[in-house]
Amino acid sequence: MSHRHRQERWLHTRISPDLEQALKREARKQRTPVSLLVRNVLEGALDLVEEIVEDSLEIADTSRRFARRVSRAARGERNELADIYGWQEIILNREAVCGACASTLAVGLAAHRGLSERSRAPVFLCSKCIRQLRQPGDKHKEEGS
Ligand SMILES: [Zn+2]
């Protein structure tokens with residue numbers, strides 16, 4: 001941390017009376033000048049930010065793994081679509097992405113929009129995924145014939 005001390009600068013800032021009292025109290029407790037306490041707090045905060053950035057990289061990794069799990073679940077068990085109570089066929093007026101297989105659905109295509117009681121981002125299924133929903137196990141048997 002000594003590199004931060006090499007060329008010291010003054011930094012003036014306005015603080016509230018409460019913060020001033022808290023800083024003075026803490027400085028008395030630590031038997032250190034207020035200015036040194038403030039500097040230590042700021043450097044501690046910067047170190048914390050560096051740690052947070054490093055942790056964030058790990059978190060991003062975890063998030064990617066989580067996203068992969070979610071999309072796998074959507075393809076398999078459709079957990080992510082658990083709150084959808086039905087699918088309504090629509091003709092797309094703008095491009096969308098299938099919520100299960102992630103294929104791009106072009107303008108003018110028939111797609112199915114998920115209906116949910118809670119407000120959520122609209123979710124669509126392509127006709128292939130709807131067929132799989134109608135006939136789990138991908139068996140194409142005609143019913144009742
Ligand atoms: Zn699909």
# chains A, B, ... in the order shown; residues from 1 in each chain; ligands from 1
>>> residues_near_ligand(ligand="ligand 1", cutoff="10 Å", atoms="only C-alpha atoms and all ligand atoms", output="compact mmCIF listing (two decimals) with N, CA and C atoms, in the first residue's frame")
# COMPACT_ATOMS: atom_id res chain seq x y z
N ARG A 75 -35.06 -26.99 -20.79
CA ARG A 75 -35.19 -27.97 -21.86
C ARG A 75 -35.78 -29.27 -21.32
N VAL A 97 -37.17 -15.34 -28.96
CA VAL A 97 -36.32 -16.52 -28.74
C VAL A 97 -37.13 -17.54 -27.97
N CYS A 98 -37.05 -18.78 -28.40
CA CYS A 98 -37.77 -19.85 -27.71
C CYS A 98 -37.22 -19.99 -26.30
N GLY A 99 -38.11 -20.01 -25.31
CA GLY A 99 -37.70 -20.10 -23.92
C GLY A 99 -37.19 -21.48 -23.52
N ALA A 100 -37.37 -22.45 -24.36
CA ALA A 100 -36.93 -23.80 -24.03
C ALA A 100 -35.68 -24.19 -24.81
N CYS A 101 -35.70 -24.04 -26.14
CA CYS A 101 -34.55 -24.50 -26.93
C CYS A 101 -33.68 -23.34 -27.39
N ALA A 102 -34.10 -22.10 -27.08
CA ALA A 102 -33.32 -20.89 -27.37
C ALA A 102 -33.13 -20.64 -28.87
N SER A 103 -33.94 -21.26 -29.70
CA SER A 103 -33.84 -20.98 -31.13
C SER A 103 -34.52 -19.64 -31.42
N THR A 104 -34.02 -18.95 -32.43
CA THR A 104 -34.56 -17.65 -32.79
C THR A 104 -35.86 -17.83 -33.58
N LEU A 105 -36.87 -17.05 -33.20
CA LEU A 105 -38.17 -17.13 -33.86
C LEU A 105 -38.36 -15.86 -34.68
N ALA A 111 -45.80 -18.74 -32.95
CA ALA A 111 -45.12 -19.12 -31.71
C ALA A 111 -46.17 -19.20 -30.63
N HIS A 112 -45.77 -19.65 -29.47
CA HIS A 112 -46.72 -19.76 -28.35
C HIS A 112 -46.21 -18.91 -27.21
N PHE A 124 -41.72 -17.33 -24.79
CA PHE A 124 -42.28 -17.95 -25.99
C PHE A 124 -41.75 -19.37 -26.15
N LEU A 125 -42.53 -20.20 -26.79
CA LEU A 125 -42.05 -21.52 -27.19
C LEU A 125 -42.21 -21.66 -28.69
N CYS A 126 -41.24 -22.31 -29.33
CA CYS A 126 -41.36 -22.57 -30.76
C CYS A 126 -42.33 -23.74 -30.96
N SER A 127 -42.78 -23.95 -32.19
CA SER A 127 -43.77 -25.00 -32.41
C SER A 127 -43.19 -26.39 -32.14
N LYS A 128 -41.87 -26.56 -32.34
CA LYS A 128 -41.25 -27.86 -32.06
C LYS A 128 -41.35 -28.18 -30.57
N CYS A 129 -41.05 -27.17 -29.73
CA CYS A 129 -41.10 -27.39 -28.28
C CYS A 129 -42.53 -27.57 -27.79
N ILE A 130 -43.49 -26.89 -28.45
CA ILE A 130 -44.90 -27.08 -28.09
C ILE A 130 -45.32 -28.52 -28.41
N ARG A 131 -44.86 -29.04 -29.55
CA ARG A 131 -45.19 -30.42 -29.90
C ARG A 131 -44.64 -31.38 -28.85
N GLN A 132 -43.42 -31.09 -28.36
CA GLN A 132 -42.83 -31.94 -27.32
C GLN A 132 -43.64 -31.86 -26.04
>>> residues_around(residues="Leu11 of chain A", least_positions_apart="5", cutoff="12 Å", atoms="only C-alpha atoms", output="list in words")
Ser35, Val38, Arg39 and Leu42 of chain A
>>> select_by_dssp(residues="segment 33-128 of chain A", states="alpha helix (DSSP H)", output="PyMOL selection string")
chain A and resi 34-76+127-128
>>> atom_distance(atom1="atom CA of Glu54 of chain A", atom2="atom CA of Asn40 of chain A")
21.0 Å
>>> closest_residue(among="A:Arg9, A:Arg25, A:Arg118, A:Arg64", to="Asp83 of chain A", atoms="only C-alpha atoms")
A:Arg118
>>> closest_residue(among="A:Glu8, A:Trp87, A:Ala96, A:Ala60", to="Arg134 of chain A", atoms="only C-alpha atoms")
A:Trp87
>>> decode(residues="segment 22-54 of chain A", atoms="C-alpha atoms", output="PDB file, in the first residue's frame")
ATOM      1  CA  ALA A  22     -18.297   9.561  14.419  1.00  0.00           C
ATOM      2  CA  LEU A  23     -14.839  10.046  12.871  1.00  0.00           C
ATOM      3  CA  LYS A  24     -13.577  12.022  15.886  1.00  0.00           C
ATOM      4  CA  ARG A  25     -14.969   9.401  18.266  1.00  0.00           C
ATOM      5  CA  GLU A  26     -13.317   6.565  16.319  1.00  0.00           C
ATOM      6  CA  ALA A  27     -10.021   8.513  16.101  1.00  0.00           C
ATOM      7  CA  ARG A  28     -10.025   9.017  19.887  1.00  0.00           C
ATOM      8  CA  LYS A  29     -10.731   5.323  20.385  1.00  0.00           C
ATOM      9  CA  GLN A  30      -7.858   4.332  18.061  1.00  0.00           C
ATOM     10  CA  ARG A  31      -5.602   7.135  19.474  1.00  0.00           C
ATOM     11  CA  THR A  32      -4.859   8.303  15.948  1.00  0.00           C
ATOM     12  CA  PRO A  33      -5.255  11.659  14.161  1.00  0.00           C
ATOM     13  CA  VAL A  34      -8.594  12.040  12.339  1.00  0.00           C
ATOM     14  CA  SER A  35      -6.822  12.582   8.999  1.00  0.00           C
ATOM     15  CA  LEU A  36      -4.910   9.302   9.366  1.00  0.00           C
ATOM     16  CA  LEU A  37      -8.100   7.492  10.348  1.00  0.00           C
ATOM     17  CA  VAL A  38      -9.893   8.862   7.241  1.00  0.00           C
ATOM     18  CA  ARG A  39      -6.974   7.800   5.046  1.00  0.00           C
ATOM     19  CA  ASN A  40      -6.961   4.311   6.548  1.00  0.00           C
ATOM     20  CA  VAL A  41     -10.720   4.000   6.086  1.00  0.00           C
ATOM     21  CA  LEU A  42     -10.472   5.087   2.440  1.00  0.00           C
ATOM     22  CA  GLU A  43      -7.583   2.719   1.727  1.00  0.00           C
ATOM     23  CA  GLY A  44      -9.474  -0.064   3.457  1.00  0.00           C
ATOM     24  CA  ALA A  45     -12.478   0.692   1.279  1.00  0.00           C
ATOM     25  CA  LEU A  46     -10.307   0.596  -1.880  1.00  0.00           C
ATOM     26  CA  ASP A  47      -8.834  -2.750  -0.823  1.00  0.00           C
ATOM     27  CA  LEU A  48     -12.378  -3.949  -0.240  1.00  0.00           C
ATOM     28  CA  VAL A  49     -13.355  -2.812  -3.744  1.00  0.00           C
ATOM     29  CA  GLU A  50     -10.401  -4.752  -5.182  1.00  0.00           C
ATOM     30  CA  GLU A  51     -11.511  -7.830  -3.249  1.00  0.00           C
ATOM     31  CA  ILE A  52     -15.086  -7.343  -4.437  1.00  0.00           C
ATOM     32  CA  VAL A  53     -13.885  -7.128  -8.052  1.00  0.00           C
ATOM     33  CA  GLU A  54     -11.952 -10.371  -7.609  1.00  0.00           C
TER      34      GLU A  54
END
